[in-house]
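Asker: Dropping in query.pdb, with PDB, C-alpha atoms and all ligand atoms.
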```pdb
ATOM      1  CA  MET A  52     -46.730  63.674   5.610
ATOM      2  CA  ASP A  53     -50.074  62.421   4.256
ATOM      3  CA  ALA A  54     -50.858  58.759   4.814
ATOM      4  CA  MET A  55     -50.955  56.616   1.651
ATOM      5  CA  PRO A  56     -54.574  56.058   0.648
ATOM      6  CA  SER A  57     -55.442  52.379   1.186
ATOM      7  CA  LEU A  58     -56.437  50.494  -1.954
ATOM      8  CA  ASP A  59     -60.081  49.495  -2.197
ATOM      9  CA  ALA A  60     -60.134  45.865  -3.368
ATOM     10  CA  SER A  61     -63.608  46.283  -4.856
ATOM     11  CA  THR A  62     -62.134  48.503  -7.583
ATOM     12  CA  LEU A  63     -58.707  46.928  -8.198
ATOM     13  CA  THR A  64     -57.648  45.950 -11.683
ATOM     14  CA  ASN A  65     -55.310  43.023 -12.260
ATOM     15  CA  ARG A  66     -52.198  45.209 -12.401
ATOM     16  CA  GLN A  67     -53.103  47.024  -9.193
ATOM     17  CA  ALA A  68     -53.655  43.946  -7.008
ATOM     18  CA  PRO A  69     -50.782  42.903  -4.713
ATOM     19  CA  TRP A  70     -49.871  39.583  -6.374
ATOM     20  CA  ASP A  71     -46.288  39.784  -5.119
ATOM     21  CA  SER A  72     -47.701  39.655  -1.580
ATOM     22  CA  PHE A  73     -49.979  36.636  -2.222
ATOM     23  CA  ASP A  74     -49.307  34.359   0.755
ATOM     24  CA  ALA A  75     -49.064  30.876  -0.768
ATOM     25  CA  GLU A  76     -49.043  28.992   2.544
ATOM     26  CA  ALA A  77     -52.044  30.910   3.913
ATOM     27  CA  TYR A  78     -54.014  30.249   0.697
ATOM     28  CA  LEU A  79     -53.100  26.549   0.751
ATOM     29  CA  LYS A  80     -54.107  26.197   4.381
ATOM     30  CA  HIS A  81     -57.415  27.993   3.893
ATOM     31  CA  ASN A  82     -58.430  26.125   0.742
ATOM     32  CA  TYR A  83     -56.625  22.818   0.307
ATOM     33  CA  ARG A  84     -55.481  21.507   3.678
ATOM     34  CA  SER A  85     -58.174  18.866   3.248
ATOM     35  CA  LEU A  86     -60.752  18.020   0.599
ATOM     36  CA  ARG A  87     -63.932  20.090   0.922
ATOM     37  CA  ALA A  88     -67.363  18.861  -0.185
ATOM     38  CA  ASP A  89     -67.540  21.451  -2.990
ATOM     39  CA  ASP A  90     -64.073  20.595  -4.335
ATOM     40  CA  ARG A  91     -64.985  16.891  -4.177
ATOM     41  CA  GLN A  92     -68.017  17.566  -6.349
ATOM     42  CA  ILE A  93     -65.953  19.585  -8.831
ATOM     43  CA  LEU A  94     -63.113  17.061  -8.927
ATOM     44  CA  SER A  95     -65.532  14.168  -9.591
ATOM     45  CA  ALA A  96     -67.230  16.052 -12.424
ATOM     46  CA  VAL A  97     -63.920  17.087 -14.031
ATOM     47  CA  ARG A  98     -62.606  13.509 -13.733
ATOM     48  CA  ASP A  99     -65.675  12.097 -15.480
ATOM     49  CA  HIS A 100     -65.603  14.812 -18.159
ATOM     50  CA  PHE A 101     -61.983  14.138 -19.135
ATOM     51  CA  ALA A 102     -62.375  10.347 -18.924
ATOM     52  CA  ALA A 103     -65.473  10.432 -21.165
ATOM     53  CA  HIS A 104     -63.725  12.725 -23.651
ATOM     54  CA  PHE A 105     -60.694  10.448 -24.049
ATOM     55  CA  ALA A 106     -62.493   7.064 -23.859
ATOM     56  CA  GLY A 107     -61.521   5.002 -26.899
ATOM     57  CA  ARG A 108     -59.183   7.682 -28.353
ATOM     58  CA  SER A 109     -55.582   6.906 -29.123
ATOM     59  CA  LEU A 110     -53.042   9.392 -27.825
ATOM     60  CA  PRO A 111     -49.602  10.365 -29.165
ATOM     61  CA  GLY A 112     -46.815   8.290 -27.598
ATOM     62  CA  ALA A 113     -45.393  11.263 -25.720
ATOM     63  CA  GLY A 114     -48.817  12.132 -24.305
ATOM     64  CA  LEU A 115     -50.714  15.409 -24.528
ATOM     65  CA  ARG A 116     -49.726  18.911 -23.473
ATOM     66  CA  GLY A 117     -51.823  20.209 -20.591
ATOM     67  CA  ILE A 118     -52.035  23.656 -19.033
ATOM     68  CA  ASP A 119     -53.466  24.987 -15.771
ATOM     69  CA  VAL A 120     -53.732  28.779 -15.870
ATOM     70  CA  GLY A 121     -53.356  30.700 -12.590
ATOM     71  CA  ALA A 122     -52.466  27.510 -10.730
ATOM     72  CA  GLY A 123     -51.937  29.192  -7.353
ATOM     73  CA  THR A 124     -51.357  26.466  -4.770
ATOM     74  CA  ASN A 125     -53.920  24.097  -6.232
ATOM     75  CA  LEU A 126     -52.592  20.798  -7.602
ATOM     76  CA  TYR A 127     -55.905  19.079  -8.232
ATOM     77  CA  PRO A 128     -56.507  20.440 -11.766
ATOM     78  CA  ALA A 129     -53.072  19.088 -12.763
ATOM     79  CA  LEU A 130     -53.803  15.737 -11.105
ATOM     80  CA  ALA A 131     -57.108  15.575 -13.010
ATOM     81  CA  MET A 132     -55.232  15.936 -16.351
ATOM     82  CA  LEU A 133     -52.370  13.572 -15.466
ATOM     83  CA  PRO A 134     -53.392  10.261 -17.147
ATOM     84  CA  TRP A 135     -53.379  11.852 -20.618
ATOM     85  CA  CYS A 136     -50.478  14.288 -20.344
ATOM     86  CA  GLY A 137     -46.783  13.952 -21.117
ATOM     87  CA  SER A 138     -46.305  17.554 -20.008
ATOM     88  CA  ILE A 139     -48.337  19.989 -17.916
ATOM     89  CA  THR A 140     -47.609  23.709 -17.704
ATOM     90  CA  LEU A 141     -48.580  25.348 -14.429
ATOM     91  CA  PHE A 142     -48.834  28.986 -15.460
ATOM     92  CA  GLU A 143     -48.860  31.526 -12.649
ATOM     93  CA  ARG A 144     -48.187  35.216 -12.087
ATOM     94  CA  ALA A 145     -47.439  35.508  -8.352
ATOM     95  CA  GLY A 146     -43.818  34.847  -7.355
ATOM     96  CA  GLY A 147     -44.741  33.219  -4.031
ATOM     97  CA  ASN A 148     -47.059  30.773  -5.757
ATOM     98  CA  VAL A 149     -44.439  29.986  -8.407
ATOM     99  CA  ARG A 150     -41.879  29.158  -5.699
ATOM    100  CA  TRP A 151     -44.461  27.050  -3.846
ATOM    101  CA  LEU A 152     -45.397  25.141  -7.033
ATOM    102  CA  ARG A 153     -41.760  24.449  -8.025
ATOM    103  CA  SER A 154     -41.085  22.935  -4.651
ATOM    104  CA  ALA A 155     -44.445  21.174  -4.123
ATOM    105  CA  VAL A 156     -44.534  19.264  -7.415
ATOM    106  CA  GLN A 157     -41.222  17.527  -6.645
ATOM    107  CA  ASP A 158     -42.960  15.406  -3.991
ATOM    108  CA  TYR A 159     -46.432  16.702  -3.240
ATOM    109  CA  GLY A 160     -47.844  16.782   0.290
ATOM    110  CA  ALA A 161     -50.037  14.119   1.897
ATOM    111  CA  ASN A 162     -53.058  16.480   1.808
ATOM    112  CA  TRP A 163     -53.368  15.788  -1.943
ATOM    113  CA  ASP A 164     -53.776  12.029  -1.423
ATOM    114  CA  GLU A 165     -57.506  12.271  -0.735
ATOM    115  CA  PHE A 166     -57.913  14.278  -3.959
ATOM    116  CA  TRP A 167     -56.135  11.484  -5.845
ATOM    117  CA  GLU A 168     -58.383   8.882  -4.174
ATOM    118  CA  VAL A 169     -61.416  10.602  -5.740
ATOM    119  CA  LEU A 170     -59.747  10.490  -9.153
ATOM    120  CA  ARG A 171     -58.878   6.798  -8.773
ATOM    121  CA  ARG A 172     -62.544   5.871  -8.724
ATOM    122  CA  GLN A 173     -62.458   6.377 -12.481
ATOM    123  CA  PRO A 174     -60.466   3.516 -14.144
ATOM    124  CA  ALA A 175     -58.574   5.844 -16.512
ATOM    125  CA  TYR A 176     -56.624   7.124 -13.492
ATOM    126  CA  LEU A 177     -55.496   3.637 -12.474
ATOM    127  CA  THR A 178     -53.023   3.736 -15.383
ATOM    128  CA  VAL A 179     -51.028   6.240 -13.288
ATOM    129  CA  VAL A 180     -49.314   3.943 -10.804
ATOM    130  CA  GLU A 181     -47.248   6.554  -8.949
ATOM    131  CA  PRO A 182     -48.874   9.979  -9.285
ATOM    132  CA  ARG A 183     -46.155  11.810  -7.312
ATOM    133  CA  THR A 184     -43.423  10.677  -9.688
ATOM    134  CA  ARG A 185     -45.594  11.230 -12.780
ATOM    135  CA  LEU A 186     -46.536  14.748 -11.724
ATOM    136  CA  ALA A 187     -42.932  15.650 -10.874
ATOM    137  CA  GLY A 188     -41.813  14.429 -14.310
ATOM    138  CA  ALA A 189     -44.585  16.127 -16.259
ATOM    139  CA  VAL A 190     -44.886  19.587 -14.717
ATOM    140  CA  GLU A 191     -43.160  22.732 -15.850
ATOM    141  CA  VAL A 192     -43.939  25.810 -13.750
ATOM    142  CA  VAL A 193     -43.968  28.981 -15.876
ATOM    143  CA  GLN A 194     -44.194  32.446 -14.379
ATOM    144  CA  GLY A 195     -46.123  34.907 -16.507
ATOM    145  CA  ASP A 196     -49.108  37.167 -17.011
ATOM    146  CA  LEU A 197     -51.994  35.413 -18.741
ATOM    147  CA  PHE A 198     -52.940  38.666 -20.489
ATOM    148  CA  THR A 199     -49.612  38.941 -22.294
ATOM    149  CA  ASP A 200     -47.519  35.784 -21.955
ATOM    150  CA  LEU A 201     -49.734  32.745 -22.540
ATOM    151  CA  PRO A 202     -48.610  30.718 -25.563
ATOM    152  CA  GLU A 203     -51.416  30.464 -28.131
ATOM    153  CA  ARG A 204     -52.878  27.188 -29.433
ATOM    154  CA  ALA A 205     -50.313  25.267 -27.404
ATOM    155  CA  ALA A 206     -52.382  23.000 -25.130
ATOM    156  CA  ASP A 207     -54.406  19.852 -25.882
ATOM    157  CA  ILE A 208     -56.264  19.967 -22.556
ATOM    158  CA  GLY A 209     -56.675  22.851 -20.111
ATOM    159  CA  THR A 210     -58.008  24.061 -16.780
ATOM    160  CA  MET A 211     -58.430  27.452 -15.122
ATOM    161  CA  PHE A 212     -59.810  27.384 -11.576
ATOM    162  CA  PHE A 213     -61.058  30.453  -9.670
ATOM    163  CA  VAL A 214     -58.923  32.801 -11.780
ATOM    164  CA  ALA A 215     -60.953  34.703 -14.422
ATOM    165  CA  GLU A 216     -63.343  36.185 -11.834
ATOM    166  CA  SER A 217     -60.726  36.345  -9.031
ATOM    167  CA  LEU A 218     -57.998  38.496 -10.596
ATOM    168  CA  SER A 219     -59.709  41.884 -10.993
ATOM    169  CA  ALA A 220     -62.889  43.765 -10.175
ATOM    170  CA  ALA A 221     -63.259  44.739 -13.844
ATOM    171  CA  TYR A 222     -65.689  42.734 -15.972
ATOM    172  CA  VAL A 223     -63.609  43.448 -19.064
ATOM    173  CA  GLU A 224     -60.662  41.654 -17.440
ATOM    174  CA  TYR A 225     -62.895  38.729 -16.420
ATOM    175  CA  ARG A 226     -63.843  38.323 -20.084
ATOM    176  CA  GLY A 227     -60.260  38.956 -21.193
ATOM    177  CA  ALA A 228     -58.962  36.136 -18.996
ATOM    178  CA  ILE A 229     -61.422  33.714 -20.606
ATOM    179  CA  ASP A 230     -60.429  34.951 -24.085
ATOM    180  CA  HIS A 231     -56.748  34.312 -23.361
ATOM    181  CA  PHE A 232     -57.438  30.912 -21.809
ATOM    182  CA  ALA A 233     -59.428  29.851 -24.874
ATOM    183  CA  ALA A 234     -56.667  31.144 -27.161
ATOM    184  CA  ALA A 235     -54.144  28.924 -25.337
ATOM    185  CA  LEU A 236     -56.067  25.756 -26.300
ATOM    186  CA  ARG A 237     -55.953  23.829 -29.545
ATOM    187  CA  PRO A 238     -59.206  23.192 -31.444
ATOM    188  CA  GLY A 239     -61.092  20.265 -29.894
ATOM    189  CA  ALA A 240     -59.234  20.488 -26.557
ATOM    190  CA  PRO A 241     -61.350  19.492 -23.535
ATOM    191  CA  PHE A 242     -61.362  22.008 -20.694
ATOM    192  CA  ALA A 243     -62.660  22.627 -17.186
ATOM    193  CA  VAL A 244     -63.071  26.149 -15.801
ATOM    194  CA  ALA A 245     -64.241  26.877 -12.246
ATOM    195  CA  PHE A 246     -65.553  30.175 -10.867
ATOM    196  CA  MET A 247     -66.692  31.736  -7.597
ATOM    197  CA  GLU A 248     -70.253  33.000  -8.004
ATOM    198  CA  ASN A 249     -71.069  36.551  -6.843
ATOM    199  CA  SER A 250     -67.699  37.023  -5.119
ATOM    200  CA  LEU A 251     -66.681  40.603  -4.316
ATOM    201  CA  GLY A 252     -63.116  39.823  -3.281
ATOM    202  CA  TYR A 253     -61.120  37.657  -0.890
ATOM    203  CA  GLU A 254     -58.499  37.789   1.838
ATOM    204  CA  VAL A 255     -55.230  35.896   1.611
ATOM    205  CA  GLY A 256     -53.009  36.388   4.656
ATOM    206  CA  ASP A 257     -52.909  40.144   5.327
ATOM    207  CA  HIS A 258     -54.021  41.243   1.863
ATOM    208  CA  THR A 259     -57.317  41.645   0.050
ATOM    209  CA  PHE A 260     -57.629  40.569  -3.583
ATOM    210  CA  PRO A 261     -60.284  41.678  -6.049
ATOM    211  CA  ALA A 262     -63.043  39.656  -7.660
ATOM    212  CA  CYS A 263     -65.590  40.382 -10.342
ATOM    213  CA  LYS A 264     -69.185  39.550  -9.372
ATOM    214  CA  ILE A 265     -70.295  37.008 -11.943
ATOM    215  CA  GLN A 266     -73.141  34.525 -12.364
ATOM    216  CA  ARG A 267     -73.986  31.591 -14.589
ATOM    217  CA  SER A 268     -75.080  33.863 -17.467
ATOM    218  CA  ASP A 269     -71.626  35.516 -17.395
ATOM    219  CA  VAL A 270     -69.911  32.130 -17.603
ATOM    220  CA  LEU A 271     -72.015  31.235 -20.620
ATOM    221  CA  ALA A 272     -71.406  34.674 -22.161
ATOM    222  CA  GLY A 273     -67.636  34.220 -21.757
ATOM    223  CA  LEU A 274     -67.278  30.657 -22.997
ATOM    224  CA  GLN A 275     -70.075  30.087 -25.491
ATOM    225  CA  GLU A 276     -68.291  31.593 -28.474
ATOM    226  CA  TYR A 277     -65.298  29.278 -27.962
ATOM    227  CA  ALA A 278     -66.963  26.066 -26.848
ATOM    228  CA  ALA A 279     -68.516  23.242 -28.857
ATOM    229  CA  ASP A 280     -72.264  22.798 -28.402
ATOM    230  CA  ASP A 281     -71.976  20.387 -25.465
ATOM    231  CA  LEU A 282     -70.768  23.062 -22.981
ATOM    232  CA  LYS A 283     -72.218  22.424 -19.483
ATOM    233  CA  VAL A 284     -72.250  24.903 -16.596
ATOM    234  CA  SER A 285     -73.263  23.601 -13.172
ATOM    235  CA  HIS A 286     -73.731  25.226  -9.781
ATOM    236  CA  ILE A 287     -72.096  23.876  -6.629
ATOM    237  CA  ASP A 288     -73.613  25.017  -3.329
ATOM    238  CA  VAL A 289     -71.574  26.444  -0.460
ATOM    239  CA  PRO A 290     -71.209  23.632   2.111
ATOM    240  CA  GLY A 291     -73.254  24.752   5.166
ATOM    241  CA  SER A 292     -70.517  25.282   7.723
ATOM    242  CA  GLN A 293     -67.607  26.118   5.456
ATOM    243  CA  PRO A 294     -67.894  29.321   3.430
ATOM    244  CA  LEU A 295     -64.539  30.214   1.816
ATOM    245  CA  ARG A 296     -65.180  33.930   1.305
ATOM    246  CA  ASP A 297     -67.673  36.502   2.511
ATOM    247  CA  GLY A 298     -70.736  36.924   0.354
ATOM    248  CA  TYR A 299     -70.205  34.461  -2.486
ATOM    249  CA  THR A 300     -73.114  32.193  -3.350
ATOM    250  CA  GLY A 301     -71.370  29.029  -4.539
ATOM    251  CA  MET A 302     -69.085  27.796  -7.285
ATOM    252  CA  LEU A 303     -69.740  27.395 -10.997
ATOM    253  CA  LEU A 304     -68.114  24.711 -13.098
ATOM    254  CA  ALA A 305     -67.918  24.860 -16.900
ATOM    255  CA  LEU A 306     -67.033  21.639 -18.712
ATOM    256  CA  GLY A 307     -66.628  21.518 -22.461
ATOM    257  CA  ARG A 308     -64.228  21.384 -25.373
ATOM    258  CA  LEU A 309     -62.942  24.009 -27.729
ATOM    259  CA  ARG A 310     -64.701  24.261 -31.084
ATOM    260  CA  ASP A 311     -62.959  22.469 -33.938
TER     261      ASP A 311
HETATM  262  C1  LIG B 401     -58.047  32.806  -6.393
HETATM  263  S1  LIG B 401     -56.473  32.293  -6.932
HETATM  264  C2  LIG B 401     -56.830  30.700  -7.679
HETATM  265  C3  LIG B 401     -55.657  29.760  -7.544
HETATM  266  C4  LIG B 401     -55.907  28.326  -7.973
HETATM  267  N1  LIG B 401     -56.150  28.206  -9.397
HETATM  268  C5  LIG B 401     -57.010  27.646  -7.225
HETATM  269  O1  LIG B 401     -57.762  26.876  -7.850
HETATM  270  O2  LIG B 401     -57.130  27.786  -6.022
HETATM  271  C6  LIG B 401     -56.187  33.323  -8.371
HETATM  272  C7  LIG B 401     -54.846  33.011  -9.011
HETATM  273  O3  LIG B 401     -54.714  33.764 -10.230
HETATM  274  C8  LIG B 401     -53.360  34.194 -10.326
HETATM  275  N2  LIG B 401     -53.300  35.354 -11.238
HETATM  276  C9  LIG B 401     -53.786  36.582 -11.015
HETATM  277  N3  LIG B 401     -53.559  37.376 -12.067
HETATM  278  C10 LIG B 401     -52.894  36.629 -12.976
HETATM  279  C11 LIG B 401     -52.370  36.901 -14.267
HETATM  280  N4  LIG B 401     -52.495  38.100 -14.847
HETATM  281  N5  LIG B 401     -51.747  35.896 -14.934
HETATM  282  C12 LIG B 401     -51.613  34.665 -14.365
HETATM  283  N6  LIG B 401     -52.099  34.344 -13.125
HETATM  284  C13 LIG B 401     -52.731  35.328 -12.446
HETATM  285  C14 LIG B 401     -53.014  34.534  -8.887
HETATM  286  O4  LIG B 401     -51.641  34.668  -8.656
HETATM  287  C15 LIG B 401     -53.649  33.378  -8.136
HETATM  288  O5  LIG B 401     -52.792  32.268  -8.068
END
```
Let me see the structure of the file written as structure tokens.
Answerer:
Amino acid sequence: MDAMPSLDASTLTNRQAPWDSFDAEAYLKHNYRSLRADDRQILSAVRDHFAAHFAGRSLPGAGLRGIDVGAGTNLYPALAMLPWCGSITLFERAGGNVRWLRSAVQDYGANWDEFWEVLRRQPAYLTVVEPRTRLAGAVEVVQGDLFTDLPERAADIGTMFFVAESLSAAYVEYRGAIDHFAAALRPGAPFAVAFMENSLGYEVGDHTFPACKIQRSDVLAGLQEYAADDLKVSHIDVPGSQPLRDGYTGMLLALGRLRD
């Protein structure tokens, strides 16, 4: 019998990639066991962006509706939205990540404490006295495909971290993911979107996942039509001794708000 041809991650589309085999624990351990210098930089910038956006604004009594698209095993985007949110949807395709999220948000691990410490340097976060309890009460984990199942115009604040460029090798799907993320936000909603720059793919446990090689100009091309004029895209260098993937050249962070 012929051997099955092995899949080449550099050509995989979103539907072809092995999301059901995404190893949540391996991804968590590789990326979020402790706070990296690049994530610290991103977290600080996202914190200041959201705090500046909401300074002096009154919020509805029940709080805002937040969404993190493709949450994986990363809780820091949700923590960054917490002071303003009554509810936060963690939207995710992979079953292993969904199970991890449902369990983790009940009483999140001690590794996330140093992420929260960074957020607490901004006074808006001091209104959240017990972040574990607040997160557990706010989060709903929803399993779905962002290309077909994301509710439109449903969120007042949103994040999507290392997803649009890390779900397919196809540029059209990179752009499609941004289109669907933008469609999930309400006009005026502040957002933060993070990307791996020039990534060609990544290993999680025993499997290889695709990425689309993108740069700053691609981030601007994807978001500019949806964002208000104050969109900012910054580059975060790879910390010297700690590359996360082969070949990538840093992270890109887009901070803005949806056009009214
Ligand atoms: C590189 S991981 C990023 C995870 C996390 N956001 C982070 O910051 O580390 C890419 C994530 O996108 C999710 N994903 C891939 N395709 C998706 C789709 N069509 N709809 C929703 N999530 C998807 C994967 O399951 C995975 O959790």
Asker: Would you kindly return, as a ChimeraX atom specification, each protein, DNA or RNA residue with an atom no farther than 8 Å from any atom of Gln92 (chain A), considering only C-alpha atoms and excluding same-chain residues fewer than 4 positions away?
Answerer: /A:88,96,287
Asker: Selected residues, C-alpha atoms, written as a PDB file, in the coordinates of the input, please.
Answerer:
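Output saved as again.pdb:
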```
ATOM      1  CA  ALA A  88     -67.363  18.861  -0.185  1.00  0.00           C
ATOM      2  CA  ALA A  96     -67.230  16.052 -12.424  1.00  0.00           C
ATOM      3  CA  ILE A 287     -72.096  23.876  -6.629  1.00  0.00           C
TER       4      ILE A 287
END
```
Asker: Applying the PyMOL selection byres (((chain A and resi 300-309) around 9) and not hetatm) to the file I just gave you, which residues come out? Please list them as a ChimeraX atom specification.
Answerer: /A:89,93,96-97,100,104,208,212-213,233,236-250,266-267,270-271,274,277-290,294,298-299,310-311
Asker: I'd like the interatomic distance between CA of Trp135 (chain A) and CA of Leu110 (chain A), to a tenth of an Å.
Answerer: 7.6 Å
Asker: Quick one: residues within 9 Å of Ala102 (chain A), only C-alpha atoms counted, chain neighbours fewer than 5 positions away excluded, as a PyMOL selection string?
Answerer: chain A and resi 97+173-176
Asker: Using the chain letters and numbering of this document, enumerate as a PDB file with C-alpha atoms, keeping the file's coordinate frame the residues selected by the PyMOL selection byres (((chain A and resi 149) around 9) and not hetatm).
Answerer:
```pdb
ATOM      1  CA  ALA A  75     -49.064  30.876  -0.768  1.00  0.00           C
ATOM      2  CA  ALA A 122     -52.466  27.510 -10.730  1.00  0.00           C
ATOM      3  CA  GLY A 123     -51.937  29.192  -7.353  1.00  0.00           C
ATOM      4  CA  THR A 124     -51.357  26.466  -4.770  1.00  0.00           C
ATOM      5  CA  LEU A 141     -48.580  25.348 -14.429  1.00  0.00           C
ATOM      6  CA  PHE A 142     -48.834  28.986 -15.460  1.00  0.00           C
ATOM      7  CA  GLU A 143     -48.860  31.526 -12.649  1.00  0.00           C
ATOM      8  CA  ARG A 144     -48.187  35.216 -12.087  1.00  0.00           C
ATOM      9  CA  ALA A 145     -47.439  35.508  -8.352  1.00  0.00           C
ATOM     10  CA  GLY A 146     -43.818  34.847  -7.355  1.00  0.00           C
ATOM     11  CA  GLY A 147     -44.741  33.219  -4.031  1.00  0.00           C
ATOM     12  CA  ASN A 148     -47.059  30.773  -5.757  1.00  0.00           C
ATOM     13  CA  ARG A 150     -41.879  29.158  -5.699  1.00  0.00           C
ATOM     14  CA  TRP A 151     -44.461  27.050  -3.846  1.00  0.00           C
ATOM     15  CA  LEU A 152     -45.397  25.141  -7.033  1.00  0.00           C
ATOM     16  CA  ARG A 153     -41.760  24.449  -8.025  1.00  0.00           C
ATOM     17  CA  SER A 154     -41.085  22.935  -4.651  1.00  0.00           C
ATOM     18  CA  VAL A 192     -43.939  25.810 -13.750  1.00  0.00           C
ATOM     19  CA  VAL A 193     -43.968  28.981 -15.876  1.00  0.00           C
ATOM     20  CA  GLN A 194     -44.194  32.446 -14.379  1.00  0.00           C
TER      21      GLN A 194
END
```
Asker: From the list A:Phe198, A:Phe232, A:Phe101, A:Tyr222, which residue is nearest ligand LIG 401 (chain B) when using only C-alpha atoms and all ligand atoms?
Answerer: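 The shortest atom-to-atom distance to ligand LIG 401 (chain B) comes from A:Phe198.
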Asker: So, counting all atoms listed in the file, which residue among A:Asp71, A:Glu224, A:Asp119, A:Asp90 is closest to Phe166 (chain A)?
Answerer: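 Closest candidate: A:Asp90.
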Asker: Would you kindly return, as a list in words, each protein, DNA or RNA residue with an atom no farther than 9 Å from any atom of Leu126 (chain A), considering only C-alpha atoms and excluding same-chain residues fewer than 3 positions away?
Answerer: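 Residues meeting the cut-off are Ala122, Gly123, Ala129, Leu130, Ala131, Leu152, Ala155, Val156, Tyr159 and Trp163 of chain A.
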Asker: Extending 3 Å beyond the listed atoms of region 298-304 of chain A on each side, what axis-aligned box results? I want centre and edge lengths in Å to one decimal, as JSON.
Answerer:
```
{"center_x": -70.6, "center_y": 30.8, "center_z": -6.4, "size_x": 11.0, "size_y": 18.2, "size_z": 19.5}
```
Asker: Excluding Ser219 (chain A) and residues on its chain fewer than 2 positions from it, collect all residues at most 7 Å away from it, counting all atoms listed in the file, and give them as a PyMOL selection string.
Answerer: chain A and resi 63-65+216-217+221+224+261-263
Asker: How many Å separate CA of Thr199 (chain A) from CA of Thr62 (chain A)?
Answerer: 21.6 Å
